[in-house]
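Undergrad: Have a peek at coords.tsv (TSV, C-alpha atoms).
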```tsv
chain	number	residue	atom	x	y	z
A	888	MET	CA	108.91	115.17	157.08
A	889	LEU	CA	109.37	115.85	153.42
A	890	VAL	CA	111.33	113.44	151.26
A	891	ILE	CA	112.28	114.80	147.86
A	892	GLY	CA	113.53	112.69	144.98
A	893	THR	CA	114.40	113.42	141.36
A	894	PHE	CA	113.87	110.92	138.55
A	895	GLU	CA	114.31	110.40	134.88
A	896	HIS	CA	111.23	109.25	132.99
A	897	SER	CA	111.13	105.48	133.48
A	898	LEU	CA	108.86	102.58	134.33
A	899	GLU	CA	110.67	102.36	137.68
A	900	LEU	CA	109.34	105.80	138.59
A	901	GLU	CA	105.78	104.51	138.31
A	902	GLN	CA	106.72	101.40	140.28
A	903	ALA	CA	108.12	103.58	143.06
A	904	LEU	CA	105.02	105.77	143.23
A	905	SER	CA	102.63	102.82	143.16
A	906	LEU	CA	104.59	101.04	145.87
A	907	LEU	CA	104.60	104.13	148.10
A	908	GLU	CA	100.82	104.36	147.79
A	909	HIS	CA	100.57	100.64	148.44
A	910	ASP	CA	102.69	101.00	151.58
A	911	GLY	CA	100.37	103.54	153.09
A	912	ILE	CA	101.44	106.94	151.79
A	913	ALA	CA	98.20	108.70	150.81
A	914	ARG	CA	98.05	109.90	147.22
A	915	LYS	CA	97.32	113.41	148.43
A	916	HIS	CA	100.62	113.39	150.33
A	917	ILE	CA	102.57	112.93	147.13
A	918	LEU	CA	103.39	115.88	144.93
A	919	VAL	CA	104.84	115.29	141.47
A	920	ILE	CA	106.43	118.11	139.56
A	921	LEU	CA	107.15	117.77	135.84
A	922	MET	CA	110.43	119.52	135.22
A	923	ASP	CA	111.23	121.11	131.88
A	924	THR	CA	114.63	120.09	130.60
A	925	ASP	CA	114.37	122.64	127.86
A	926	PRO	CA	113.46	126.34	127.87
A	927	LYS	CA	110.37	125.69	125.78
A	928	ASN	CA	107.44	123.29	125.37
A	929	PRO	CA	108.31	120.02	127.17
A	930	ASN	CA	106.13	117.87	124.92
A	931	GLN	CA	107.88	119.09	121.85
A	932	PHE	CA	108.17	116.50	119.09
A	933	LEU	CA	109.95	118.80	116.73
A	934	SER	CA	113.65	118.17	116.66
A	935	LYS	CA	115.24	121.03	118.49
A	936	PRO	CA	118.51	122.76	117.80
A	937	THR	CA	119.82	120.97	120.90
A	938	ASP	CA	119.27	117.64	119.14
A	939	LEU	CA	122.75	118.01	117.75
A	940	TYR	CA	123.79	114.37	117.59
A	941	PRO	CA	120.49	112.94	116.30
A	942	ASN	CA	120.53	115.49	113.47
A	943	ALA	CA	124.14	114.66	112.71
A	944	ILE	CA	123.19	110.97	112.59
A	945	GLU	CA	120.41	111.75	110.10
A	946	VAL	CA	122.89	113.46	107.82
A	947	GLY	CA	125.48	110.74	108.46
A	948	THR	CA	123.16	107.86	107.52
A	949	ALA	CA	122.04	109.63	104.37
A	950	PHE	CA	125.68	110.16	103.33
A	951	ALA	CA	126.55	106.59	104.26
A	952	THR	CA	123.83	105.08	102.09
A	953	ALA	CA	124.71	107.19	99.07
A	954	CYS	CA	128.41	106.37	99.43
A	955	ALA	CA	127.63	102.67	99.95
A	956	VAL	CA	125.78	102.45	96.62
A	957	ILE	CA	128.66	104.13	94.80
A	958	GLY	CA	131.27	102.15	96.74
A	959	THR	CA	129.55	98.85	95.99
A	960	SER	CA	129.36	99.63	92.29
A	961	VAL	CA	132.96	100.74	91.97
A	962	GLY	CA	134.00	97.76	94.06
A	963	PHE	CA	133.36	95.39	91.16
A	964	LYS	CA	136.49	96.92	89.59
A	965	LEU	CA	138.61	96.91	92.75
A	966	ALA	CA	140.78	94.17	94.18
A	967	TRP	CA	138.91	94.15	97.50
A	968	GLY	CA	135.56	93.62	95.85
A	969	PRO	CA	132.18	95.31	96.21
A	970	ILE	CA	131.30	94.25	99.77
A	971	PHE	CA	134.33	95.66	101.56
A	972	SER	CA	134.39	98.60	99.22
A	973	GLY	CA	130.70	99.28	99.89
A	974	LEU	CA	131.04	98.89	103.65
A	975	SER	CA	134.11	101.10	103.90
A	976	ALA	CA	132.43	103.70	101.68
A	977	ALA	CA	129.44	103.60	104.05
A	978	VAL	CA	131.62	104.07	107.12
A	979	GLY	CA	133.55	106.85	105.38
A	980	GLY	CA	130.34	108.49	104.25
A	981	PHE	CA	128.88	108.37	107.75
A	982	ILE	CA	131.98	109.93	109.28
A	983	VAL	CA	132.07	112.66	106.64
A	984	GLY	CA	128.34	113.45	106.97
A	985	PHE	CA	128.36	113.27	110.76
A	986	GLY	CA	131.55	115.29	111.00
A	987	LEU	CA	130.46	117.91	108.49
A	988	TYR	CA	127.19	118.48	110.34
A	989	LEU	CA	128.92	118.86	113.70
A	990	PHE	CA	131.56	121.09	112.17
A	991	VAL	CA	128.99	123.38	110.54
A	992	LYS	CA	126.78	123.54	113.63
A	993	LYS	CA	129.54	123.67	116.22
A	994	GLY	CA	129.42	126.52	118.69
A	995	ILE	CA	125.67	127.03	118.32
A	996	HIS	CA	124.92	124.30	120.82
A	997	LYS	CA	125.76	123.55	124.39
A	998	THR	CA	126.37	120.02	125.48
A	999	ARG	CA	124.07	118.73	128.19
A	1000	SER	CA	124.56	116.05	130.78
A	1001	LYS	CA	122.98	112.73	129.90
A	1002	ARG	CA	120.83	112.03	132.95
A	1003	LEU	CA	118.57	114.94	133.77
A	1004	PRO	CA	116.10	115.20	136.65
A	1005	GLU	CA	112.94	115.28	134.55
A	1006	ILE	CA	110.55	114.56	137.42
A	1007	CYS	CA	110.61	115.84	140.98
A	1008	VAL	CA	108.68	113.84	143.59
A	1009	ILE	CA	107.86	115.29	147.01
A	1010	VAL	CA	106.49	112.92	149.63
A	1011	GLN	CA	105.03	114.12	152.91
A	1012	CYS	CA	105.35	111.47	155.62
A	1013	THR	CA	105.89	110.86	159.31
A	1014	GLU	CA	109.35	110.45	160.88
A	1015	GLU	CA	108.84	106.68	161.01
A	1016	GLN	CA	108.03	106.43	157.33
A	1017	VAL	CA	111.10	108.33	156.15
A	1018	GLU	CA	113.34	105.28	155.94
A	1019	LEU	CA	110.73	103.28	154.03
A	1020	VAL	CA	110.14	106.09	151.54
A	1021	THR	CA	113.83	106.74	151.02
A	1022	GLU	CA	114.61	103.06	150.51
A	1023	THR	CA	111.76	102.67	148.01
A	1024	LEU	CA	113.01	105.63	146.03
A	1025	TRP	CA	116.57	104.29	145.94
A	1026	LYS	CA	115.35	100.86	144.91
A	1027	PHE	CA	113.67	102.29	141.82
A	1028	GLY	CA	116.36	104.35	140.22
A	1029	VAL	CA	116.01	107.75	141.87
A	1030	LEU	CA	118.79	110.16	140.82
A	1031	THR	CA	119.03	112.22	144.01
A	1032	VAL	CA	117.18	112.19	147.33
A	1033	GLY	CA	116.83	114.86	150.01
A	1034	ARG	CA	114.88	115.02	153.23
A	1035	VAL	CA	113.82	117.95	155.36
A	1036	LYS	CA	111.44	118.80	158.20
A	1037	GLU	CA	108.46	120.85	157.09
A	1038	PRO	CA	109.61	124.45	157.45
A	1039	SER	CA	106.79	125.35	159.86
A	1040	LEU	CA	107.58	122.46	162.20
A	1041	ARG	CA	111.17	123.50	162.83
A	1042	ALA	CA	111.80	124.53	166.37
B	786	MET	CA	88.56	104.50	122.62
B	787	ARG	CA	89.66	104.07	119.04
B	788	ASN	CA	88.53	106.68	116.49
B	789	GLN	CA	87.02	108.83	119.21
B	790	LEU	CA	89.89	111.25	119.43
B	791	ARG	CA	89.91	113.83	116.68
B	792	ARG	CA	93.63	114.48	116.72
B	793	PRO	CA	95.41	111.57	118.37
B	794	LEU	CA	99.18	111.72	118.64
B	795	ALA	CA	99.72	107.98	118.75
B	796	THR	CA	97.91	104.67	118.71
B	797	ILE	CA	98.97	101.24	119.91
B	798	SER	CA	97.77	98.34	117.81
B	799	VAL	CA	98.64	94.68	117.64
B	800	TYR	CA	101.34	95.58	115.09
B	801	GLY	CA	103.06	98.13	117.28
B	802	ILE	CA	102.96	101.83	117.99
B	803	ASN	CA	102.04	104.28	115.27
B	804	LEU	CA	102.80	107.88	116.08
B	805	LEU	CA	102.96	111.30	114.52
B	806	HIS	CA	106.39	112.85	114.61
B	807	ARG	CA	107.85	115.92	113.06
B	808	GLN	CA	110.56	115.32	110.56
B	809	ASN	CA	112.62	117.11	108.00
B	810	PRO	CA	110.78	116.77	104.64
B	811	TYR	CA	114.08	116.70	102.76
B	812	VAL	CA	115.23	113.71	104.78
B	813	VAL	CA	111.97	111.91	103.98
B	814	ALA	CA	112.41	112.74	100.29
B	815	TRP	CA	115.98	111.44	100.41
B	816	TRP	CA	114.88	108.04	101.75
B	817	SER	CA	112.28	107.83	98.99
B	818	ALA	CA	115.09	108.39	96.52
B	819	ALA	CA	117.36	105.82	98.18
B	820	PHE	CA	114.65	103.14	98.05
B	821	PRO	CA	111.14	104.06	96.80
B	822	GLY	CA	108.76	103.28	99.66
B	823	PHE	CA	111.15	104.00	102.55
B	824	GLY	CA	109.95	107.60	102.77
B	825	HIS	CA	106.41	106.36	103.28
B	826	TYR	CA	107.54	104.06	106.09
B	827	LEU	CA	108.83	107.18	107.85
B	828	LEU	CA	105.39	108.69	107.25
B	829	ASN	CA	103.67	105.74	109.01
B	830	GLN	CA	101.91	104.70	105.77
B	831	TYR	CA	102.91	101.07	105.98
B	832	ILE	CA	100.62	99.47	103.42
B	833	ARG	CA	101.47	101.80	100.57
B	834	ALA	CA	105.12	101.79	101.59
B	835	THR	CA	105.21	98.01	101.44
B	836	LEU	CA	103.50	97.94	98.04
B	837	LEU	CA	105.94	100.56	96.79
B	838	THR	CA	108.95	98.51	97.88
B	839	ILE	CA	107.57	95.47	96.05
B	840	VAL	CA	106.97	97.55	92.91
B	841	GLU	CA	110.50	98.95	93.19
B	842	VAL	CA	112.14	95.53	93.33
B	843	ILE	CA	110.11	94.17	90.40
B	844	ILE	CA	110.49	97.14	88.06
B	845	ASN	CA	114.12	97.72	89.00
B	846	TYR	CA	114.83	94.06	88.24
B	847	LEU	CA	113.00	94.13	84.89
B	848	THR	CA	114.70	97.37	83.84
B	849	ASN	CA	118.20	96.26	84.99
B	850	ILE	CA	118.60	99.60	86.78
B	851	ASN	CA	121.07	98.27	89.34
B	852	ILE	CA	123.27	96.62	86.72
B	853	ALA	CA	123.27	99.86	84.75
B	854	ILE	CA	124.30	101.76	87.92
B	855	VAL	CA	127.26	99.41	88.44
B	856	TYR	CA	128.39	99.79	84.81
B	857	SER	CA	128.00	103.58	84.99
B	858	PHE	CA	130.11	103.96	88.14
B	859	CYS	CA	132.71	101.64	86.58
B	860	GLY	CA	132.88	103.92	83.54
B	861	GLU	CA	131.48	101.37	81.09
B	862	PHE	CA	128.79	103.59	79.65
B	863	ASP	CA	128.19	101.52	76.52
B	864	MET	CA	127.44	98.47	78.62
B	865	ALA	CA	125.16	100.55	80.84
B	866	LYS	CA	123.22	101.72	77.81
B	867	SER	CA	122.87	98.23	76.43
B	868	VAL	CA	121.46	96.60	79.60
B	869	VAL	CA	118.72	99.12	80.42
B	870	GLN	CA	115.37	97.91	79.13
B	871	PRO	CA	113.70	100.88	77.41
B	872	ARG	CA	110.24	99.39	77.62
B	873	TRP	CA	110.29	99.73	81.42
B	874	ALA	CA	112.72	102.60	81.98
B	875	ILE	CA	110.48	105.61	81.30
B	876	GLY	CA	107.65	104.36	83.48
B	877	TYR	CA	110.15	103.60	86.25
B	878	ILE	CA	111.49	107.16	86.16
B	879	ILE	CA	108.02	108.72	86.26
B	880	ILE	CA	106.97	106.66	89.28
B	881	TYR	CA	110.35	107.17	90.98
B	882	PHE	CA	110.06	110.94	90.97
B	883	PHE	CA	106.38	110.92	91.87
B	884	ILE	CA	107.17	108.91	95.01
B	885	ILE	CA	109.89	111.35	96.05
B	886	TRP	CA	107.57	114.31	95.59
B	887	ASP	CA	104.63	112.60	97.30
B	888	SER	CA	106.66	111.75	100.41
B	889	TYR	CA	108.05	115.29	100.59
B	890	ARG	CA	104.56	116.76	100.33
B	891	SER	CA	103.10	114.34	102.90
B	892	ALA	CA	105.89	115.14	105.37
B	893	LEU	CA	104.94	118.83	105.24
B	894	VAL	CA	101.27	118.02	105.91
B	895	GLN	CA	102.06	115.53	108.67
B	896	ASN	CA	104.25	118.07	110.43
B	897	LYS	CA	101.21	120.33	110.67
B	898	LEU	CA	99.00	117.47	111.87
B	899	CYS	CA	101.62	116.61	114.46
B	900	HIS	CA	101.71	120.18	115.70
B	901	LEU	CA	97.91	120.15	116.11
B	902	ALA	CA	97.99	116.81	117.93
B	903	GLN	CA	100.64	118.11	120.33
B	904	LEU	CA	98.53	121.16	121.12
B	905	GLU	CA	95.42	119.02	121.67
B	906	ASN	CA	97.46	116.80	124.02
B	907	GLU	CA	94.89	113.98	123.97
B	908	ARG	CA	95.58	111.15	126.40
B	909	VAL	CA	97.91	108.50	124.92
B	910	ALA	CA	97.30	104.84	125.75
B	911	ALA	CA	100.21	103.11	127.48
B	912	VAL	CA	99.57	99.46	126.62
B	913	ASN	CA	97.50	97.26	124.33
B	914	LEU	CA	97.05	93.79	125.78
B	915	ARG	CA	95.39	91.40	123.34
B	916	PRO	CA	94.86	87.65	123.37
B	917	LEU	CA	97.78	86.98	121.02
B	918	GLU	CA	99.98	90.04	121.38
B	919	PHE	CA	101.16	92.55	123.94
B	920	GLN	CA	102.26	95.99	122.81
B	921	TYR	CA	103.44	98.77	125.10
B	922	ILE	CA	105.42	101.98	125.14
B	923	GLU	CA	108.81	101.57	126.79
B	924	PRO	CA	112.05	103.51	126.84
B	925	LYS	CA	114.39	102.32	124.09
B	926	LYS	CA	118.07	102.64	123.25
B	927	PRO	CA	118.21	104.17	119.76
B	928	TRP	CA	121.83	103.15	119.20
B	929	LEU	CA	121.01	99.53	119.95
B	930	ALA	CA	118.06	99.57	117.52
B	931	ALA	CA	120.31	101.00	114.80
B	932	LEU	CA	123.01	98.41	115.48
B	933	TYR	CA	120.61	95.46	115.22
B	934	SER	CA	119.23	96.65	111.90
B	935	PHE	CA	122.73	97.31	110.60
B	936	PHE	CA	123.69	93.66	111.06
B	937	PHE	CA	120.41	92.24	109.84
B	938	PRO	CA	117.73	94.64	108.57
B	939	GLY	CA	114.49	93.91	110.40
B	940	LEU	CA	116.02	93.16	113.81
B	941	GLY	CA	115.92	96.82	114.83
B	942	GLN	CA	112.24	96.86	113.89
B	943	LEU	CA	111.70	93.72	115.97
B	944	TYR	CA	113.41	95.48	118.90
B	945	ASN	CA	110.96	98.35	118.36
B	946	HIS	CA	107.99	95.92	118.52
B	947	GLN	CA	107.04	96.41	114.85
B	948	PHE	CA	106.96	92.71	114.22
B	949	ALA	CA	105.03	92.70	110.92
B	950	LEU	CA	107.46	95.13	109.35
B	951	ALA	CA	110.35	93.28	110.97
B	952	PHE	CA	109.48	89.95	109.38
B	953	TYR	CA	108.80	91.60	106.02
B	954	ALA	CA	112.24	93.20	106.13
B	955	MET	CA	113.92	89.98	107.27
B	956	MET	CA	112.24	88.01	104.49
B	957	TRP	CA	113.62	90.42	101.90
B	958	TRP	CA	117.07	90.37	103.46
B	959	TRP	CA	117.16	86.59	103.18
B	960	ILE	CA	116.10	86.94	99.51
B	961	TYR	CA	118.83	89.51	98.85
B	962	LEU	CA	121.41	87.36	100.65
B	963	THR	CA	120.42	84.31	98.63
B	964	LEU	CA	120.33	85.99	95.21
B	965	SER	CA	123.33	88.31	95.68
B	966	ARG	CA	125.37	85.63	97.51
B	967	ALA	CA	126.77	88.39	99.73
B	968	HIS	CA	127.48	86.27	102.80
B	969	GLU	CA	129.15	83.59	100.65
B	970	SER	CA	131.33	86.31	99.22
B	971	VAL	CA	132.25	87.49	102.72
B	972	THR	CA	133.18	83.94	103.70
B	973	LEU	CA	135.38	83.57	100.63
B	974	MET	CA	137.03	86.87	101.44
B	975	MET	CA	137.74	85.76	105.01
B	976	VAL	CA	139.74	82.81	103.71
B	977	GLY	CA	141.63	85.09	101.30
B	978	ASN	CA	139.97	84.00	98.07
B	979	PHE	CA	139.38	87.53	96.72
B	980	GLN	CA	138.98	86.77	92.99
B	981	GLU	CA	136.27	84.23	93.57
B	982	SER	CA	134.59	86.33	96.24
B	983	ILE	CA	133.94	89.03	93.63
B	984	ALA	CA	132.95	86.55	90.94
B	985	VAL	CA	130.13	84.93	92.97
B	986	LEU	CA	128.37	88.25	93.58
B	987	HIS	CA	125.31	89.24	91.59
B	988	PRO	CA	125.29	93.05	91.12
B	989	GLN	CA	121.55	93.38	90.44
B	990	TRP	CA	120.69	92.02	93.91
B	991	LEU	CA	123.75	93.26	95.77
B	992	LEU	CA	122.96	96.85	94.88
B	993	PHE	CA	119.61	96.76	96.69
B	994	MET	CA	121.43	95.98	99.92
B	995	PRO	CA	123.20	99.26	100.82
B	996	SER	CA	119.94	101.22	100.65
B	997	VAL	CA	118.09	98.60	102.66
B	998	VAL	CA	120.74	98.53	105.40
B	999	GLY	CA	120.87	102.33	105.49
B	1000	GLY	CA	117.11	102.79	105.51
B	1001	SER	CA	116.45	100.08	108.07
B	1002	THR	CA	119.19	101.37	110.39
B	1003	TYR	CA	117.98	104.95	110.17
B	1004	TYR	CA	114.36	103.95	110.66
B	1005	ALA	CA	115.15	101.80	113.69
B	1006	TYR	CA	117.09	104.68	115.25
B	1007	ILE	CA	114.34	107.25	114.61
B	1008	MET	CA	111.56	105.00	115.87
B	1009	ALA	CA	113.40	104.12	119.09
B	1010	ARG	CA	113.96	107.83	119.67
B	1011	GLU	CA	110.31	108.65	119.01
B	1012	HIS	CA	109.20	105.87	121.36
B	1013	ASN	CA	111.25	107.55	124.07
B	1014	ARG	CA	109.53	110.85	123.41
B	1015	LEU	CA	106.12	109.19	123.44
B	1016	PHE	CA	106.91	107.40	126.69
B	1017	ARG	CA	107.79	110.74	128.24
B	1018	ILE	CA	104.60	112.39	126.98
B	1019	GLU	CA	102.36	109.56	128.17
B	1020	GLN	CA	104.00	109.44	131.60
B	1021	ARG	CA	103.62	113.19	132.03
B	1022	GLN	CA	99.94	113.01	131.13
B	1023	PHE	CA	99.50	110.22	133.66
B	1024	LEU	CA	101.40	111.90	136.49
B	1025	ALA	CA	99.72	115.26	135.99
B	1026	GLU	CA	96.35	113.55	136.14
B	1027	ARG	CA	97.01	111.25	139.08
B	1028	TYR	CA	98.66	113.73	141.40
B	1029	SER	CA	96.62	116.80	140.48
B	1030	HIS	CA	94.87	116.83	143.89
B	1031	SER	CA	97.98	116.71	146.03
B	1032	GLU	CA	97.62	118.37	149.41
B	1033	VAL	CA	101.30	118.61	150.16
B	1034	ARG	CA	102.06	122.08	151.50
B	1035	LEU	CA	105.71	123.01	151.54
B	1036	PHE	CA	105.05	126.09	153.61
B	1037	PRO	CA	101.94	125.43	155.73
B	1038	ARG	CA	100.09	128.49	156.91
```
Go ahead and render the structure in this file as C-alpha cells.
TA:
Amino acid sequence: MLVIGTFEHSLELEQALSLLEHDGIARKHILVILMDTDPKNPNQFLSKPTDLYPNAIEVGTAFATACAVIGTSVGFKLAWGPIFSGLSAAVGGFIVGFGLYLFVKKGIHKTRSKRLPEICVIVQCTEEQVELVTETLWKFGVLTVGRVKEPSLRA
Amino acid sequence: MRNQLRRPLATISVYGINLLHRQNPYVVAWWSAAFPGFGHYLLNQYIRATLLTIVEVIINYLTNINIAIVYSFCGEFDMAKSVVQPRWAIGYIIIYFFIIWDSYRSALVQNKLCHLAQLENERVAAVNLRPLEFQYIEPKKPWLAALYSFFFPGLGQLYNHQFALAFYAMMWWWIYLTLSRAHESVTLMMVGNFQESIAVLHPQWLLFMPSVVGGSTYYAYIMAREHNRLFRIEQRQFLAERYSHSEVRLFPR
C-alpha cells in the first residue's frame, strides 16, 4: 500500500517521519518530495513580487516612524499631547504607507492560500501498517492524506 | 564546523541566529536615518550597530537635536536655532550621513554575498546546545514578534531568541521611559489630566521613542520572517539528504 501525505514545513513533520521509522517503516520505504510553492528557486531569500504584504509592511513601518516623529513634535502644541498625537500619527502613517503600496501594486499579484503543501511524503507499507501510518501522519499536522494500492498490485 | 564553510548562509551561536538575507538597500538606509545604528542591525553587524546607537544618543543629547526638531515642527524656528549646540552639530551631521551611506553600501554587498551563499547551499545547522544556552531554528509568527516589540521594544527580539540584543533594547526603553516620563504621562491622560500629562514630558527623550518603537517592531517582524525561511531551507537540506536513497517505486516494473 502507498500512503501519501502533504505537509507544511514544521517540526511536527520531522517528528512524524522519525516516529514512522521508529515504528518499523524502513527509511528506504519513505519517499519525500520537496514541492515548490513558487515557479522559481525554492530556496530564494530575495523578497519576491508575491511577497505583497511583507513589502507593504516595510513601507508602512517606515511611514509610521516618520509620521510618529512629526506627530510627537507637533503634539507638544496640541490639546491631546505628544503621546496620543505621536501614536495616532504612527497608525495613520502605517495605514497610508501600507495602503499606498497595495494600491500601487494591486493587480500585479495573485493572492495565495495560506497553508500550502510544501512537502509530499509517500510511505510504502503493508496493509496492516496502513492504519498506524495514517494515524501518525494525522497526529503530526498533515494537511491531506491519501492511500492507494500500488498500481501493479491491482487485480 | 565553524569557519570551515566558505560561504555559510547562517550560523547559530549562543546569542541567536545570524543569517544573510536579501533586503532593499533603500529600506536599510531609511532605518539608518531614523536611528543611526538601526541599519547596521539589519545588516547583522551587531557590535558596530550597538556602538552607533550609543554614539547617537550621546551626541544627539549634547547637541539638543531632538529639542530642536520639536521646536521646528512647532514653528518656533528662533527657539530651534538657539538650542542647537554648534560645537557638536557639524560633527553630528557628518557622522549621520556617513552612517546612512555606509549601511546602503553594505546592503548592496551583502545582497551579493547572500546570493552566493544561496547558490553554494552549504548545510545549515539546526540547533546549538551549549551548557548555558539553547538556540535553535523554529517557525515563528512575524506578526506576534512585531506586536511584542511594539508594546515594549526588545520583547520581539527576545521572542526571536536574540537575548543580548533584547536586553540591550529593554534597558534603553526603561531609560527612555524614566527620562521622558512617557508612561506617567499616559497615566495622567487616562484620568483626564491633559495639561499636566503634557507638562511632565521631556521632549529630548520622548523623541527617541518613536524611532525605537518603529525600528524594533520592523526588525522583529523581519527576523521572524527570515527565521521561517531559514527553517524551510534547513529542513529541505535535511530531508533531501536523509531520504535520497528511497526505494519506493510508484510504478514497479
Undergrad: Could you check the closest approach to Ser1001 in chain B for each of B:Phe858, B:Tyr933, B:Tyr889, B:Trp928 and tell me which residue wins, using all atoms listed in the file?
TA: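 Going through B:Phe858, B:Tyr933, B:Tyr889, B:Trp928 one by one, the smallest distance to Ser1001 in chain B is for B:Tyr933.
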Undergrad: Contacts of range 875-881 of chain B at 12 Å or less, counting all atoms listed in the file, minus same-chain residues fewer than 4 places along, as a ChimeraX atom specification?
TA: /B:814-822,824,837-838,840-850,869-871,885-888
Undergrad: Using all atoms listed in the file, what residues lie at most 10 Å away from (113.2, 108.5, 139.8) (file coordinates), given as a PyMOL selection string?
TA: chain A and resi 892-904+1004-1008+1024-1032
Undergrad: Hey, which bits of chain A sit within 6 Å of chain B, and for each residue what's the closest pair of atoms and how far apart in Å (one decimal), counting all atoms listed in the file, rows by chain and increasing number, as a tab-separated table?
TA:
```
residue	atom	partner	partner_atom	distance
A:Lys915	CA	B:Ser1031	CA	4.1
A:His916	CA	B:Val1033	CA	5.3
A:Leu918	CA	B:Ser1031	CA	5.6
A:Leu933	CA	B:Arg807	CA	5.1
A:Thr952	CA	B:Gly999	CA	5.3
A:Ala955	CA	B:Pro995	CA	5.7
A:Val956	CA	B:Pro995	CA	5.9
A:Ser960	CA	B:Val855	CA	4.4
A:Val961	CA	B:Cys859	CA	5.5
A:Gly968	CA	B:Ile983	CA	5.3
```
Undergrad: For CA of Leu965 in chain A and CA of Met864 in chain B, determine how far apart the two atoms are, in Å to one decimal place.
TA: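 Going from CA of Leu965 in chain A over to CA of Met864 in chain B covers 18.1 Å.
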Undergrad: Between CA of Leu950 in chain B and CA of Ile832 in chain B, what distance in Å does the model show, to one decimal?
TA: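 Rounded to one decimal, the two atoms are 10.0 Å apart.
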Undergrad: Contacts of Val1035 in chain A at 12 Å or less, counting all atoms listed in the file, minus same-chain residues fewer than 6 places along, as a list of chain:residue names?
TA: A:Met888, A:Leu889, A:Val890, A:Ile891, A:Gly892, A:Ile1009, A:Val1010, A:Gln1011, A:Cys1012, A:Thr1013, A:Glu1014, A:Val1017, A:Arg1041, B:Leu1035
Undergrad: Can you tell me, as a list in words, what residues are no more than 6 Å from Tyr988 in chain A when counting only C-alpha atoms, ignoring any on the same chain fewer than 3 positions away?
TA: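 My reading of the contact set: Ala943, Phe985 and Val991 of chain A.
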Undergrad: Neighbours of Phe950 in chain A within 8 Å (only C-alpha atoms; same-chain residues fewer than 4 positions away dropped), as an MDAnalysis selection string?
TA: chainID A and resid 946 954 977 980:981 983:984
Undergrad: Can you work out the spacing between CA of Ala892 in chain B and CA of Gly947 in chain A in Å, to one decimal?
TA: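 Answer for the CA of Ala892 in chain B to CA of Gly947 in chain A separation: 20.3 Å.
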Undergrad: Residues at most 9 Å from Ile797 in chain B, counting all atoms listed in the file, excluding those fewer than 3 positions away in the same chain, as a list of chain:residue names?
TA: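 Answer for this query is B:Tyr800, B:Gly801, B:Ile802, B:Asn803, B:Leu804, B:Val909, B:Ala910, B:Ala911, B:Val912, B:Asn913, B:Gln920, B:Tyr921, B:Ile922.
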Undergrad: Which is closest to Pro810 in chain B among B:Arg890, B:Arg833, B:Lys926, B:Arg908, if we use only C-alpha atoms?
TA: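 Under the stated criterion, the closest residue is B:Arg890.
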Undergrad: Which residue, A:Val978, A:Lys964, A:Glu1018, A:Ile970, has the smallest gap to Ser965 in chain B when you use only C-alpha atoms?
TA: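 Smallest separation from Ser965 in chain B among the options: A:Ile970.
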